[in-house]
Amino acid sequence: MELKKLQEHWDSFPEVSMEERPILSSDLEKIVVKNPLSDAFYLRRRLLARIIVFSVLWIVNAIQLRSQWISDGPDISELIALFGLLTYCLYFHIRLLFFADYPTLLSLPLISFLGKLETVLDKYITSFKFVSGLAGFYVLALIQYLLFRTNKGAHETLSHNDWYKWLILIFISVSVDILLLHSIIPKYRKLLAGVRKYKEGILVKAQNK
Amino acid sequence: MNNSSKKGGFDVDIRSLLKIQHKKVYAICRLFADTYKEHQFLFTNIMAAASQNIRGRRENSDKQTLVLRACINMAALHSITTEMAPVVERSIQFKSPDYQRSMTRLRQSMGEASDYEKFRLFLELEKMPAEELTHLTGLPLSRNAVGKKKEKETDRAQLRKTSFNFIPYLKQKLVWN
């Protein structure tokens, strides 16, 4: 009975209105080139930008590592660690980009679509840990450069003391991580919680039916 | 033979399909949009998603299903973003008086329907078979109480079987699903 009433209301909608007018070809041409996903859900550009930056850093690091290896330089352990981190970062981001597969994402059934969106957001949040780690290495390099320019004695002490270097590196990485946790990450966490809650809501409703 | 032609980078086949299917897109907008602005925004997003789905489709997928999946997935995203937005008084606001009246009546008879119920209603009101819901959402069909219990037992047995094959922590880390 209720459904019959609903069907009656449904059929009583005006054939043509300002809200539901026939679509023109010119409108369609503009619509189809639009990206349907909002900025928060569409991470492709951000992932691509990171992959490009990491690739450049990886090449620079590989060249530095090679020259240090040949000359048996003092920063070899640091460069090897950075090389490992950059390689894993590149692998992680490329894998995430291929996994997200944005052109076919919206053609998945709802539950798989939400599941994939959830995984992509979760992994993207994880990727900020790598960014913090990399920030540690590069800020340390910047500090060393500044010391070299301003205080040669301090630079000499720091470059010959691995313990100090690693402690500073860890301190910077943790600080950047905390900064990201309170600035950029909450937005994605909120989004992830929203997607998760919605998916669970749908599943619960479907199970109760 | 493929009789589709491209004009300005846009497939004519997709254009005609979207023109035919646009009523269905409007239909889902009725269930999820509360204002004229939301309605227009959701409509354009669904059309864009449908076109993207068809362009990137695999050989074995049906165009009609892809359009409907775009409708459902975009409506779900719309619900998620609306829920996350700051709480404001939500009321029905449309430009044409006839449409406003129809929408108010529809919302009154729908009551506080959940999104899952809205998806089912969408299929029902658009006269599509209920089985279609499984293809569109990946959810099982509603089962009766007896079948439910039996199925739960089979699910549990299957879960037990698969969970022994993987170390859960490793599975979670290595397999993104």
# chains A, B, ... in the order shown; residues from 1 in each chain; ligands from 1
$ residues_around --residues "Thr137 in chain B" --least-positions-apart "5" --cutoff "8 Å" --atoms "only C-alpha atoms" --output "list in words"
Pro109, Leu110, Ile111 and Ser112 of chain A; Arg69 and Ile72 of chain B
$ residues_around --residues "Tyr42 in chain A" --least-positions-apart "2" --cutoff "10 Å" --atoms "only C-alpha atoms" --output "ChimeraX atom specification"
/A:35-40,44-47,100,102,117,120-121
$ atom_distance --atom1 "CA of Thr126 in chain A" --atom2 "CA of Ile59 in chain A"
23.7 Å
$ interface_residues --of "chain B" --to "chain A" --cutoff "8 Å" --atoms "only C-alpha atoms" --output "MDAnalysis selection string"
chainID B and resid 10 15 19 22:23 26 36 39:40 44:49 51:53 56:57 66 69:70 72:74 80 83:84 94:96 98:99 102 105:106 109:110 115:116 125 135:140 142:143 176:177
$ select_by_dssp --residues "chain A" --states "alpha helix (DSSP H)" --output "PyMOL selection string"
chain A and resi 2-11+25-31+44-71+76-100+102-105+110-150+152-159+162-183+185-208
